[in-house]
>>> print(open('run-v6.txt').read())   # compact mmCIF, N, CA and C atoms
# COMPACT_ATOMS: atom_id res chain seq x y z
N MET A 257 142.44 128.37 114.67
CA MET A 257 142.31 127.12 113.95
C MET A 257 142.62 125.96 114.89
N THR A 258 141.71 125.01 115.00
CA THR A 258 141.84 123.90 115.94
C THR A 258 143.09 123.08 115.71
N SER A 259 143.46 122.85 114.46
CA SER A 259 144.65 122.04 114.19
C SER A 259 145.90 122.69 114.78
N ASN A 260 145.97 124.02 114.74
CA ASN A 260 147.11 124.73 115.33
C ASN A 260 147.13 124.57 116.85
N VAL A 261 145.95 124.62 117.47
CA VAL A 261 145.85 124.47 118.92
C VAL A 261 146.30 123.06 119.32
N ILE A 262 145.79 122.07 118.65
CA ILE A 262 146.16 120.68 118.96
C ILE A 262 147.65 120.48 118.73
N GLN A 263 148.17 120.97 117.60
CA GLN A 263 149.59 120.83 117.31
C GLN A 263 150.43 121.50 118.40
N SER A 264 150.05 122.69 118.81
CA SER A 264 150.77 123.41 119.86
C SER A 264 150.75 122.65 121.18
N GLN A 265 149.57 122.13 121.54
CA GLN A 265 149.45 121.38 122.79
C GLN A 265 150.30 120.12 122.77
N LEU A 266 150.29 119.41 121.66
CA LEU A 266 151.09 118.19 121.55
C LEU A 266 152.59 118.50 121.58
N THR A 267 152.99 119.53 120.85
CA THR A 267 154.40 119.91 120.80
C THR A 267 154.89 120.33 122.18
N SER A 268 154.08 121.13 122.89
CA SER A 268 154.50 121.59 124.22
C SER A 268 154.54 120.44 125.23
N SER A 269 153.89 119.33 124.91
CA SER A 269 153.92 118.14 125.77
C SER A 269 155.01 117.17 125.36
N GLY A 270 155.81 117.56 124.36
CA GLY A 270 156.96 116.73 123.96
C GLY A 270 156.75 115.83 122.76
N TYR A 271 155.61 115.93 122.13
CA TYR A 271 155.34 115.10 120.96
C TYR A 271 155.85 115.78 119.69
N GLU A 272 156.31 114.99 118.77
CA GLU A 272 156.67 115.50 117.44
C GLU A 272 155.41 115.45 116.59
N THR A 273 155.13 116.53 115.88
CA THR A 273 153.91 116.58 115.07
C THR A 273 154.24 116.89 113.62
N LEU A 274 153.33 116.53 112.77
CA LEU A 274 153.40 116.82 111.34
C LEU A 274 151.99 117.20 110.92
N LYS A 275 151.87 118.26 110.16
CA LYS A 275 150.55 118.75 109.75
C LYS A 275 150.40 118.62 108.24
N CYS A 276 149.24 118.16 107.83
CA CYS A 276 148.92 118.06 106.41
C CYS A 276 147.67 118.89 106.15
N ALA A 277 147.83 119.96 105.39
CA ALA A 277 146.71 120.84 105.09
C ALA A 277 146.03 120.49 103.77
N GLN A 278 146.46 119.40 103.16
CA GLN A 278 145.91 118.97 101.88
C GLN A 278 145.30 117.58 102.04
N PRO A 279 143.99 117.49 102.22
CA PRO A 279 143.36 116.20 102.46
C PRO A 279 143.72 115.14 101.42
N GLU A 280 143.90 115.58 100.18
CA GLU A 280 144.20 114.61 99.12
C GLU A 280 145.59 113.99 99.28
N ARG A 281 146.46 114.57 100.13
CA ARG A 281 147.79 114.02 100.38
C ARG A 281 147.90 113.26 101.70
N ALA A 282 146.87 113.31 102.49
CA ALA A 282 146.92 112.75 103.84
C ALA A 282 147.30 111.27 103.86
N ARG A 283 146.70 110.49 103.02
CA ARG A 283 146.97 109.05 103.02
C ARG A 283 148.42 108.76 102.67
N GLU A 284 148.94 109.45 101.66
CA GLU A 284 150.33 109.22 101.26
C GLU A 284 151.31 109.68 102.34
N MET A 285 151.01 110.80 102.99
CA MET A 285 151.87 111.26 104.07
C MET A 285 151.83 110.28 105.24
N ALA A 286 150.67 109.77 105.56
CA ALA A 286 150.54 108.80 106.64
C ALA A 286 151.31 107.52 106.31
N ALA A 287 151.22 107.07 105.07
CA ALA A 287 151.95 105.87 104.66
C ALA A 287 153.46 106.10 104.73
N GLU A 288 153.89 107.28 104.33
CA GLU A 288 155.32 107.58 104.32
C GLU A 288 155.89 107.74 105.74
N TYR A 289 155.21 108.51 106.59
CA TYR A 289 155.74 108.84 107.91
C TYR A 289 155.33 107.86 109.01
N GLN A 290 154.30 107.06 108.80
CA GLN A 290 153.82 106.09 109.78
C GLN A 290 153.70 106.69 111.18
N PRO A 291 152.84 107.70 111.34
CA PRO A 291 152.70 108.34 112.66
C PRO A 291 152.09 107.39 113.69
N ASP A 292 152.30 107.74 114.95
CA ASP A 292 151.70 106.95 116.04
C ASP A 292 150.20 107.13 116.10
N ALA A 293 149.71 108.29 115.63
CA ALA A 293 148.28 108.59 115.60
C ALA A 293 148.03 109.74 114.63
N ILE A 294 146.77 109.85 114.20
CA ILE A 294 146.35 110.91 113.29
C ILE A 294 145.13 111.59 113.90
N THR A 295 145.12 112.94 113.88
CA THR A 295 143.90 113.67 114.21
C THR A 295 143.32 114.13 112.88
N LEU A 296 142.03 114.02 112.75
CA LEU A 296 141.38 114.27 111.46
C LEU A 296 140.05 114.98 111.66
N ASP A 297 139.89 116.09 110.97
CA ASP A 297 138.61 116.82 110.98
C ASP A 297 137.72 116.23 109.89
N LEU A 298 136.48 115.98 110.20
CA LEU A 298 135.56 115.43 109.20
C LEU A 298 135.09 116.46 108.20
N LEU A 299 135.14 117.74 108.59
CA LEU A 299 134.64 118.81 107.71
C LEU A 299 135.82 119.51 107.03
N MET A 300 136.28 118.95 105.93
CA MET A 300 137.40 119.51 105.17
C MET A 300 136.99 119.63 103.71
N GLN A 301 137.79 120.36 102.97
CA GLN A 301 137.60 120.50 101.52
C GLN A 301 138.95 120.41 100.84
N PRO A 302 139.13 119.92 99.66
CA PRO A 302 138.10 119.44 98.75
C PRO A 302 137.60 118.03 99.10
N ALA A 303 138.43 117.20 99.72
CA ALA A 303 137.97 115.88 100.13
C ALA A 303 137.39 116.01 101.54
N THR A 304 136.39 115.24 101.86
CA THR A 304 135.85 115.28 103.22
C THR A 304 136.70 114.41 104.13
N GLY A 305 136.65 114.70 105.43
CA GLY A 305 137.37 113.87 106.38
C GLY A 305 136.89 112.43 106.36
N SER A 306 135.61 112.24 106.08
CA SER A 306 135.08 110.87 105.98
C SER A 306 135.76 110.11 104.85
N GLU A 307 135.95 110.79 103.72
CA GLU A 307 136.63 110.15 102.59
C GLU A 307 138.07 109.81 102.94
N VAL A 308 138.75 110.75 103.60
CA VAL A 308 140.14 110.52 104.00
C VAL A 308 140.22 109.36 104.99
N LEU A 309 139.31 109.33 105.97
CA LEU A 309 139.30 108.25 106.95
C LEU A 309 139.09 106.89 106.28
N LEU A 310 138.16 106.83 105.34
CA LEU A 310 137.94 105.58 104.61
C LEU A 310 139.18 105.17 103.83
N GLN A 311 139.84 106.13 103.20
CA GLN A 311 141.08 105.83 102.46
C GLN A 311 142.15 105.29 103.41
N LEU A 312 142.30 105.92 104.56
CA LEU A 312 143.31 105.47 105.53
C LEU A 312 143.01 104.05 106.01
N LYS A 313 141.75 103.76 106.25
CA LYS A 313 141.38 102.45 106.80
C LYS A 313 141.30 101.36 105.72
N ASN A 314 141.29 101.76 104.45
CA ASN A 314 141.28 100.78 103.36
C ASN A 314 142.66 100.56 102.75
N ASP A 315 143.66 101.23 103.26
CA ASP A 315 145.03 101.10 102.76
C ASP A 315 145.82 100.26 103.77
N PRO A 316 146.36 99.13 103.35
CA PRO A 316 147.09 98.27 104.30
C PRO A 316 148.28 98.98 104.96
N ARG A 317 148.81 100.01 104.33
CA ARG A 317 149.95 100.74 104.89
C ARG A 317 149.54 101.63 106.05
N THR A 318 148.27 102.01 106.12
CA THR A 318 147.81 102.95 107.15
C THR A 318 146.67 102.40 108.01
N LEU A 319 146.24 101.22 107.71
CA LEU A 319 145.09 100.60 108.38
C LEU A 319 145.19 100.60 109.91
N LYS A 320 146.36 100.35 110.44
CA LYS A 320 146.50 100.19 111.90
C LYS A 320 146.85 101.48 112.63
N ILE A 321 147.00 102.58 111.91
CA ILE A 321 147.30 103.85 112.57
C ILE A 321 146.01 104.37 113.22
N PRO A 322 146.02 104.62 114.53
CA PRO A 322 144.82 105.14 115.19
C PRO A 322 144.46 106.53 114.65
N VAL A 323 143.18 106.74 114.39
CA VAL A 323 142.69 108.02 113.90
C VAL A 323 141.72 108.60 114.93
N ILE A 324 142.00 109.83 115.35
CA ILE A 324 141.14 110.53 116.30
C ILE A 324 140.41 111.62 115.52
N VAL A 325 139.11 111.49 115.44
CA VAL A 325 138.30 112.46 114.72
C VAL A 325 138.10 113.69 115.62
N VAL A 326 138.40 114.87 115.08
CA VAL A 326 138.22 116.14 115.78
C VAL A 326 137.26 116.96 114.94
N THR A 327 136.07 117.24 115.49
CA THR A 327 135.04 117.86 114.67
C THR A 327 134.03 118.64 115.51
N ILE A 328 133.31 119.52 114.88
CA ILE A 328 132.22 120.23 115.56
C ILE A 328 130.94 119.39 115.54
N VAL A 329 130.91 118.35 114.76
CA VAL A 329 129.74 117.49 114.63
C VAL A 329 129.72 116.51 115.79
N ASP A 330 128.78 116.67 116.70
CA ASP A 330 128.70 115.82 117.89
C ASP A 330 127.95 114.53 117.57
N GLN A 331 128.56 113.74 116.72
CA GLN A 331 128.01 112.43 116.35
C GLN A 331 129.14 111.42 116.33
N PRO A 332 129.62 110.99 117.52
CA PRO A 332 130.78 110.12 117.59
C PRO A 332 130.63 108.81 116.83
N GLY A 333 129.40 108.36 116.64
CA GLY A 333 129.18 107.12 115.92
C GLY A 333 129.61 107.17 114.46
N VAL A 334 129.60 108.36 113.88
CA VAL A 334 130.00 108.51 112.47
C VAL A 334 131.46 108.14 112.29
N GLY A 335 132.34 108.76 113.07
CA GLY A 335 133.77 108.46 112.97
C GLY A 335 134.07 107.01 113.31
N THR A 336 133.45 106.53 114.37
CA THR A 336 133.67 105.15 114.80
C THR A 336 133.24 104.16 113.73
N ALA A 337 132.11 104.41 113.09
CA ALA A 337 131.61 103.52 112.04
C ALA A 337 132.57 103.46 110.86
N LEU A 338 133.33 104.54 110.66
CA LEU A 338 134.28 104.59 109.54
C LEU A 338 135.67 104.10 109.93
N GLY A 339 135.85 103.74 111.21
CA GLY A 339 137.13 103.19 111.64
C GLY A 339 137.94 104.05 112.58
N ALA A 340 137.40 105.19 113.01
CA ALA A 340 138.14 106.05 113.94
C ALA A 340 138.26 105.37 115.30
N THR A 341 139.35 105.68 115.99
CA THR A 341 139.60 105.13 117.31
C THR A 341 138.85 105.89 118.38
N SER A 342 138.77 107.23 118.20
CA SER A 342 138.17 108.09 119.20
C SER A 342 137.64 109.35 118.54
N ASN A 343 136.89 110.15 119.30
CA ASN A 343 136.32 111.40 118.80
C ASN A 343 136.54 112.50 119.82
N LEU A 344 136.89 113.69 119.34
CA LEU A 344 136.96 114.89 120.15
C LEU A 344 136.04 115.92 119.51
N ILE A 345 135.25 116.59 120.33
CA ILE A 345 134.32 117.60 119.82
C ILE A 345 134.96 118.98 120.02
N LYS A 346 134.93 119.79 118.95
CA LYS A 346 135.44 121.17 119.03
C LYS A 346 134.47 122.02 119.83
N PRO A 347 134.93 123.00 120.54
CA PRO A 347 136.34 123.34 120.73
C PRO A 347 137.00 122.33 121.66
N VAL A 348 138.22 121.98 121.33
CA VAL A 348 138.98 121.00 122.11
C VAL A 348 139.73 121.75 123.20
N ASP A 349 139.58 121.29 124.43
CA ASP A 349 140.34 121.92 125.50
C ASP A 349 141.40 120.94 126.01
N ARG A 350 142.52 121.48 126.43
CA ARG A 350 143.69 120.69 126.80
C ARG A 350 143.36 119.62 127.84
N GLN A 351 142.63 119.96 128.90
CA GLN A 351 142.30 118.99 129.93
C GLN A 351 141.51 117.82 129.37
N HIS A 352 140.54 118.11 128.49
CA HIS A 352 139.72 117.05 127.91
C HIS A 352 140.59 116.11 127.09
N CYS A 353 141.53 116.65 126.33
CA CYS A 353 142.40 115.84 125.47
C CYS A 353 143.17 114.80 126.28
N TRP A 354 143.72 115.23 127.39
CA TRP A 354 144.61 114.35 128.15
C TRP A 354 143.83 113.42 129.07
N GLN A 355 142.53 113.61 129.24
CA GLN A 355 141.74 112.72 130.07
C GLN A 355 141.19 111.55 129.28
N GLN A 356 141.20 111.63 127.97
CA GLN A 356 140.63 110.58 127.13
C GLN A 356 141.51 109.35 127.11
>>> encode(input="run-v6.txt", output="structure tokens")
Amino acid sequence: MTSNVIQSQLTSSGYETLKCAQPERAREMAAEYQPDAITLDLLMQPATGSEVLLQLKNDPRTLKIPVIVVTIVDQPGVGTALGATSNLIKPVDRQHCWQQ
């Protein structure tokens, strides 16, 4: 699972991470914890990542949190158009992550 790989890579690099496996709770968790950044997969269920990204960018509490879209869909313009800061295409490799 890509989220586990990213979480492991960030943790081993000294970052504190928090994982939300429930898209419908993502906005509230982001508002509560105010993370430095969010990684978000566009292909989720029951809510899509696009819906979650729009919610994050339309909520004044989470508007300024950078969102990095992580997806198998190689269409970086989609995430950017919805307010994402950056895009990573799966599979994500450690070297690529740190070069961005």
>>> closest_residue(input="run-v6.txt", among="A:Val329, A:Ile294, A:Cys276, A:Ala340", to="Lys313 (chain A)", atoms="only C-alpha atoms")
A:Ala340
>>> closest_residue(input="run-v6.txt", among="A:Val326, A:Glu307, A:Gly333, A:Asp297", to="Ile345 (chain A)", atoms="all atoms listed in the file")
A:Val326
>>> select_by_dssp(input="run-v6.txt", residues="region 258-356 of chain A", states="helix (DSSP H, G or I)", output="PyMOL selection string")
chain A and resi 258-268+279-289+305-314+332-337+350-355
>>> write_last_selection(input="run-v6.txt", atoms="N, CA and C atoms", output="compact mmCIF listing (two decimals), keeping the file's coordinate frame")
# COMPACT_ATOMS: atom_id res chain seq x y z
N THR A 258 141.71 125.01 115.00
CA THR A 258 141.84 123.90 115.94
C THR A 258 143.09 123.08 115.71
N SER A 259 143.46 122.85 114.46
CA SER A 259 144.65 122.04 114.19
C SER A 259 145.90 122.69 114.78
N ASN A 260 145.97 124.02 114.74
CA ASN A 260 147.11 124.73 115.33
C ASN A 260 147.13 124.57 116.85
N VAL A 261 145.95 124.62 117.47
CA VAL A 261 145.85 124.47 118.92
C VAL A 261 146.30 123.06 119.32
N ILE A 262 145.79 122.07 118.65
CA ILE A 262 146.16 120.68 118.96
C ILE A 262 147.65 120.48 118.73
N GLN A 263 148.17 120.97 117.60
CA GLN A 263 149.59 120.83 117.31
C GLN A 263 150.43 121.50 118.40
N SER A 264 150.05 122.69 118.81
CA SER A 264 150.77 123.41 119.86
C SER A 264 150.75 122.65 121.18
N GLN A 265 149.57 122.13 121.54
CA GLN A 265 149.45 121.38 122.79
C GLN A 265 150.30 120.12 122.77
N LEU A 266 150.29 119.41 121.66
CA LEU A 266 151.09 118.19 121.55
C LEU A 266 152.59 118.50 121.58
N THR A 267 152.99 119.53 120.85
CA THR A 267 154.40 119.91 120.80
C THR A 267 154.89 120.33 122.18
N SER A 268 154.08 121.13 122.89
CA SER A 268 154.50 121.59 124.22
C SER A 268 154.54 120.44 125.23
N PRO A 279 143.99 117.49 102.22
CA PRO A 279 143.36 116.20 102.46
C PRO A 279 143.72 115.14 101.42
N GLU A 280 143.90 115.58 100.18
CA GLU A 280 144.20 114.61 99.12
C GLU A 280 145.59 113.99 99.28
N ARG A 281 146.46 114.57 100.13
CA ARG A 281 147.79 114.02 100.38
C ARG A 281 147.90 113.26 101.70
N ALA A 282 146.87 113.31 102.49
CA ALA A 282 146.92 112.75 103.84
C ALA A 282 147.30 111.27 103.86
N ARG A 283 146.70 110.49 103.02
CA ARG A 283 146.97 109.05 103.02
C ARG A 283 148.42 108.76 102.67
N GLU A 284 148.94 109.45 101.66
CA GLU A 284 150.33 109.22 101.26
C GLU A 284 151.31 109.68 102.34
N MET A 285 151.01 110.80 102.99
CA MET A 285 151.87 111.26 104.07
C MET A 285 151.83 110.28 105.24
N ALA A 286 150.67 109.77 105.56
CA ALA A 286 150.54 108.80 106.64
C ALA A 286 151.31 107.52 106.31
N ALA A 287 151.22 107.07 105.07
CA ALA A 287 151.95 105.87 104.66
C ALA A 287 153.46 106.10 104.73
N GLU A 288 153.89 107.28 104.33
CA GLU A 288 155.32 107.58 104.32
C GLU A 288 155.89 107.74 105.74
N TYR A 289 155.21 108.51 106.59
CA TYR A 289 155.74 108.84 107.91
C TYR A 289 155.33 107.86 109.01
N GLY A 305 136.65 114.70 105.43
CA GLY A 305 137.37 113.87 106.38
C GLY A 305 136.89 112.43 106.36
N SER A 306 135.61 112.24 106.08
CA SER A 306 135.08 110.87 105.98
C SER A 306 135.76 110.11 104.85
N GLU A 307 135.95 110.79 103.72
CA GLU A 307 136.63 110.15 102.59
C GLU A 307 138.07 109.81 102.94
N VAL A 308 138.75 110.75 103.60
CA VAL A 308 140.14 110.52 104.00
C VAL A 308 140.22 109.36 104.99
N LEU A 309 139.31 109.33 105.97
CA LEU A 309 139.30 108.25 106.95
C LEU A 309 139.09 106.89 106.28
N LEU A 310 138.16 106.83 105.34
CA LEU A 310 137.94 105.58 104.61
C LEU A 310 139.18 105.17 103.83
N GLN A 311 139.84 106.13 103.20
CA GLN A 311 141.08 105.83 102.46
C GLN A 311 142.15 105.29 103.41
N LEU A 312 142.30 105.92 104.56
CA LEU A 312 143.31 105.47 105.53
C LEU A 312 143.01 104.05 106.01
N LYS A 313 141.75 103.76 106.25
CA LYS A 313 141.38 102.45 106.80
C LYS A 313 141.30 101.36 105.72
N ASN A 314 141.29 101.76 104.45
CA ASN A 314 141.28 100.78 103.36
C ASN A 314 142.66 100.56 102.75
N PRO A 332 129.62 110.99 117.52
CA PRO A 332 130.78 110.12 117.59
C PRO A 332 130.63 108.81 116.83
N GLY A 333 129.40 108.36 116.64
CA GLY A 333 129.18 107.12 115.92
C GLY A 333 129.61 107.17 114.46
N VAL A 334 129.60 108.36 113.88
CA VAL A 334 130.00 108.51 112.47
C VAL A 334 131.46 108.14 112.29
N GLY A 335 132.34 108.76 113.07
CA GLY A 335 133.77 108.46 112.97
C GLY A 335 134.07 107.01 113.31
N THR A 336 133.45 106.53 114.37
CA THR A 336 133.67 105.15 114.80
C THR A 336 133.24 104.16 113.73
N ALA A 337 132.11 104.41 113.09
CA ALA A 337 131.61 103.52 112.04
C ALA A 337 132.57 103.46 110.86
N ARG A 350 142.52 121.48 126.43
CA ARG A 350 143.69 120.69 126.80
C ARG A 350 143.36 119.62 127.84
N GLN A 351 142.63 119.96 128.90
CA GLN A 351 142.30 118.99 129.93
C GLN A 351 141.51 117.82 129.37
N HIS A 352 140.54 118.11 128.49
CA HIS A 352 139.72 117.05 127.91
C HIS A 352 140.59 116.11 127.09
N CYS A 353 141.53 116.65 126.33
CA CYS A 353 142.40 115.84 125.47
C CYS A 353 143.17 114.80 126.28
N TRP A 354 143.72 115.23 127.39
CA TRP A 354 144.61 114.35 128.15
C TRP A 354 143.83 113.42 129.07
N GLN A 355 142.53 113.61 129.24
CA GLN A 355 141.74 112.72 130.07
C GLN A 355 141.19 111.55 129.28
>>> closest_residue(input="run-v6.txt", among="A:Leu299, A:Val308, A:Ala293, A:Ala337", to="Val323 (chain A)", atoms="all atoms listed in the file")
A:Ala293
>>> closest_residue(input="run-v6.txt", among="A:Pro322, A:Pro279, A:Ser259, A:Ser268", to="Thr336 (chain A)", atoms="only C-alpha atoms")
A:Pro322
>>> select_by_dssp(input="run-v6.txt", residues="chain A", states="strand (DSSP E)", output="MDAnalysis selection string")
chainID A and resid 294:296 323:327 342:345
>>> closest_residue(input="run-v6.txt", among="A:Ile262, A:Leu338, A:Ala287, A:Leu274", to="Gly305 (chain A)", atoms="only C-alpha atoms")
A:Leu338
>>> atom_distance(input="run-v6.txt", atom1="CA of Gln331 (chain A)", atom2="atom C of Leu266 (chain A)")
25.9 Å
>>> residues_around(input="run-v6.txt", residues="Leu298 (chain A)", least_positions_apart="6", cutoff="7 Å", atoms="all atoms listed in the file", output="PyMOL selection string")
chain A and resi 304-306+325-328
>>> closest_residue(input="run-v6.txt", among="A:Lys320, A:Gly335, A:Ser264, A:Gly270", to="Asp292 (chain A)", atoms="only N, CA and C atoms")
A:Lys320
>>> residues_around(input="run-v6.txt", residues="Gln301 (chain A)", least_positions_apart="6", cutoff="10 Å", atoms="only C-alpha atoms", output="ChimeraX atom specification")
/A:277-280
>>> atom_distance(input="run-v6.txt", atom1="atom N of Thr341 (chain A)", atom2="CA of Thr273 (chain A)")
18.2 Å
